[in-house]
Amino acid sequence: MGHDDSKAIAMEYAQALFDLALEREQLEVVGQELFGLGELLGGQGGFSLFLESPSISRKQKLASLLNIFGGRLSDLVMNFLKVVNRRGRLSLLVAIVDCYAVLEDKRSGVAKGKLTTAVKLDDKEFGRLCEQISGELGRKLSLESETDESIIGGMVLTVEGVVMDGSVRRSLQRLGCSIRRQMGVRLLSNSE
């Protein structure tokens, strides 16, 4: 199964859980429990490997899930974990948690993204820039900051897969292409 297939399947599971949580008015509880589970899976490599291992039976995995989380998670999340286990999809649990977060963000109107600058911005500058960009886009943003000296200056903003490149590096590339096109036209017209 390819990465895109796994992502699509994870999104289907996340959407089903999200819809049930919304219907039962448990979005906040389910989200908190899932994100806690996601942190556990991210921090405990052994637990993730256990859940993903094809050599461990679904029955053994279910017994472990019940032992670890029984009484600690809502019935909705526990039943969801049982279904995911029964269908042999526990290896997608981290991706399901990520997809659930995307669905929560969409519902609340928050867009996630990354702001890349050539130099590190202090917290005040970063906050001001985030507010300005949010205002321009007309959406709340949750941005992560990254530095990349190779962009020379300006910034590159990526929001939900859309890249807006306002870097000096990109401007220089466009200028170079424009000069080459103009020079090519001149060279062709001079040779005629």
# chains A, B, ... in the order shown; residues from 1 in each chain; ligands from 1

$ residues_around --residues "segment 68-77 of chain A" --least-positions-apart "3" --cutoff "10 Å" --atoms "only C-alpha atoms" --output "list in words"
Leu17, Leu20, Ala21, Arg24, Gln26, Val29, Val30, Gly31, Gln32, Glu33, Leu34, Leu37, Leu62, Ala63, Ser64, Leu65, Phe80, Leu81, Lys82 and Val83 of chain A

$ select_by_dssp --residues "chain A" --states "helix (DSSP H, G or I)" --output "number ranges by chain"
A: 3-23, 27-43, 45-52, 58-69, 75-86, 90-108, 123-137, 149-151, 168-191

$ residues_around --residues "Leu93 of chain A" --least-positions-apart "2" --cutoff "12 Å" --atoms "only C-alpha atoms" --output "PyMOL selection string"
chain A and resi 6-7+9-14+34-35+37-42+47-49+51-52+77+80-85+88-91+95-100

$ atom_distance --atom1 "atom CA of Ser142 of chain A" --atom2 "atom CA of Gly113 of chain A"
6.3 Å

$ residues_around --residues "Val119 of chain A" --least-positions-apart "2" --cutoff "12 Å" --atoms "only C-alpha atoms" --output "list in words"
Leu115, Thr116, Thr117, Leu121, Asp122, Glu125, Phe126, Ser145, Glu146, Thr147, Asp148, Glu149, Ser150, Ile151, Ile152, Gly153, Gly154, Met155 and Ser167 of chain A

$ write_last_selection --atoms "all heavy atoms" --output "CSV table (one decimal), in the first residue's frame"
chain,number,residue,atom,x,y,z
A,115,LEU,N,6.2,29.2,7.9
A,115,LEU,CA,6.7,30.4,7.4
A,115,LEU,C,8.2,30.3,7.5
A,115,LEU,O,8.8,30.0,8.5
A,115,LEU,CB,6.3,31.6,8.3
A,115,LEU,CG,6.8,33.0,8.0
A,115,LEU,CD1,6.3,33.4,6.6
A,115,LEU,CD2,6.5,34.0,9.0
A,116,THR,N,8.9,30.4,6.3
A,116,THR,CA,10.3,30.3,6.2
A,116,THR,C,10.9,31.6,5.9
A,116,THR,O,10.5,32.3,5.0
A,116,THR,CB,10.7,29.3,5.1
A,116,THR,OG1,10.0,28.0,5.3
A,116,THR,CG2,12.2,29.0,5.0
A,117,THR,N,11.9,32.0,6.7
A,117,THR,CA,12.6,33.3,6.6
A,117,THR,C,14.1,33.0,6.5
A,117,THR,O,14.6,31.9,7.0
A,117,THR,CB,12.3,34.3,7.7
A,117,THR,OG1,12.6,33.6,9.0
A,117,THR,CG2,10.8,34.7,7.6
A,121,LEU,N,13.2,35.0,13.3
A,121,LEU,CA,12.4,36.1,13.8
A,121,LEU,C,12.2,36.0,15.3
A,121,LEU,O,12.0,34.9,15.8
A,121,LEU,CB,11.0,36.1,13.1
A,121,LEU,CG,11.0,36.3,11.6
A,121,LEU,CD1,9.6,36.1,11.1
A,121,LEU,CD2,11.6,37.6,11.1
A,122,ASP,N,12.2,37.1,16.0
A,122,ASP,CA,11.9,37.0,17.4
A,122,ASP,C,10.4,36.8,17.5
A,122,ASP,O,9.7,37.0,16.6
A,122,ASP,CB,12.5,38.2,18.2
A,122,ASP,CG,11.8,39.6,17.8
A,122,ASP,OD1,10.6,39.6,17.5
A,122,ASP,OD2,12.5,40.6,17.9
A,125,GLU,N,8.1,39.8,16.4
A,125,GLU,CA,8.1,39.9,14.9
A,125,GLU,C,7.2,38.8,14.3
A,125,GLU,O,6.4,39.0,13.4
A,125,GLU,CB,9.5,39.8,14.3
A,125,GLU,CG,10.4,41.0,14.6
A,125,GLU,CD,11.8,40.8,14.0
A,125,GLU,OE1,12.4,39.8,14.4
A,125,GLU,OE2,12.3,41.7,13.3
A,126,PHE,N,7.5,37.6,14.8
A,126,PHE,CA,6.7,36.4,14.2
A,126,PHE,C,5.2,36.6,14.5
A,126,PHE,O,4.4,36.3,13.6
A,126,PHE,CB,7.3,35.1,14.9
A,126,PHE,CG,6.6,33.9,14.3
A,126,PHE,CD1,6.9,33.5,13.0
A,126,PHE,CD2,5.8,33.1,15.1
A,126,PHE,CE1,6.3,32.3,12.5
A,126,PHE,CE2,5.2,32.0,14.7
A,126,PHE,CZ,5.4,31.6,13.4
A,145,SER,N,7.6,28.2,12.5
A,145,SER,CA,8.6,29.0,11.9
A,145,SER,C,9.8,28.2,11.6
A,145,SER,O,10.2,27.2,12.3
A,145,SER,CB,9.0,30.1,13.0
A,145,SER,OG,10.0,30.9,12.5
A,146,GLU,N,10.5,28.5,10.5
A,146,GLU,CA,11.7,27.8,10.0
A,146,GLU,C,12.6,28.9,9.4
A,146,GLU,O,12.2,29.8,8.8
A,146,GLU,CB,11.3,26.8,9.0
A,146,GLU,CG,12.4,26.0,8.4
A,146,GLU,CD,11.9,24.9,7.4
A,146,GLU,OE1,11.8,25.3,6.2
A,146,GLU,OE2,11.6,23.8,7.9
A,147,THR,N,13.9,28.6,9.6
A,147,THR,CA,14.9,29.5,8.9
A,147,THR,C,15.6,28.7,7.8
A,147,THR,O,15.9,27.5,8.0
A,147,THR,CB,15.9,30.1,9.9
A,147,THR,OG1,16.5,29.1,10.6
A,147,THR,CG2,15.2,31.0,10.9
A,148,ASP,N,15.9,29.4,6.7
A,148,ASP,CA,16.6,28.8,5.6
A,148,ASP,C,17.4,30.0,5.0
A,148,ASP,O,16.9,30.8,4.2
A,148,ASP,CB,15.7,28.2,4.6
A,148,ASP,CG,16.4,27.6,3.4
A,148,ASP,OD1,17.6,27.7,3.3
A,148,ASP,OD2,15.7,27.0,2.6
A,149,GLU,N,18.7,30.0,5.2
A,149,GLU,CA,19.6,31.1,4.7
A,149,GLU,C,19.6,31.1,3.2
A,149,GLU,O,19.9,32.2,2.6
A,149,GLU,CB,21.0,31.0,5.3
A,149,GLU,CG,21.1,31.2,6.8
A,149,GLU,CD,22.5,31.0,7.3
A,149,GLU,OE1,23.4,30.6,6.6
A,149,GLU,OE2,22.6,31.1,8.5
A,150,SER,N,19.3,30.0,2.6
A,150,SER,CA,19.4,29.9,1.1
A,150,SER,C,18.4,30.8,0.4
A,150,SER,O,18.5,31.1,-0.8
A,150,SER,CB,19.4,28.5,0.6
A,150,SER,OG,18.1,28.0,0.7
A,151,ILE,N,17.3,31.2,1.1
A,151,ILE,CA,16.3,32.1,0.4
A,151,ILE,C,16.8,33.5,0.4
A,151,ILE,O,16.1,34.3,-0.2
A,151,ILE,CB,14.9,31.9,1.1
A,151,ILE,CG1,14.8,32.6,2.5
A,151,ILE,CG2,14.4,30.5,1.1
A,151,ILE,CD1,13.4,32.7,3.0
A,152,ILE,N,17.9,33.8,1.0
A,152,ILE,CA,18.6,35.1,1.0
A,152,ILE,C,17.8,36.2,1.8
A,152,ILE,O,18.4,36.9,2.6
A,152,ILE,CB,18.9,35.6,-0.4
A,152,ILE,CG1,19.7,34.5,-1.2
A,152,ILE,CG2,19.6,36.9,-0.4
A,152,ILE,CD1,19.9,34.8,-2.7
A,153,GLY,N,16.6,36.4,1.5
A,153,GLY,CA,15.7,37.4,2.2
A,153,GLY,C,14.3,37.1,1.8
A,153,GLY,O,14.0,36.2,1.1
A,154,GLY,N,13.4,38.0,2.4
A,154,GLY,CA,12.0,37.8,2.1
A,154,GLY,C,11.5,36.6,2.9
A,154,GLY,O,12.0,36.3,4.0
A,155,MET,N,10.4,35.9,2.4
A,155,MET,CA,9.9,34.8,3.1
A,155,MET,C,9.2,33.8,2.1
A,155,MET,O,8.8,34.2,1.0
A,155,MET,CB,8.9,35.2,4.2
A,155,MET,CG,7.6,35.9,3.6
A,155,MET,SD,6.6,36.3,5.0
A,155,MET,CE,5.5,37.4,4.1
A,167,SER,N,10.5,35.1,-1.7
A,167,SER,CA,12.0,35.1,-1.3
A,167,SER,C,12.8,35.9,-2.3
A,167,SER,O,12.4,36.0,-3.5
A,167,SER,CB,12.5,33.7,-1.1
A,167,SER,OG,12.6,33.1,-2.4

$ atom_distance --atom1 "atom CA of Glu160 of chain A" --atom2 "atom CA of Ala111 of chain A"
6.7 Å

$ closest_residue --among "A:Gly43, A:Gly36, A:Gly109, A:Pro54" --to "Lys140 of chain A" --atoms "only C-alpha atoms"
A:Gly109
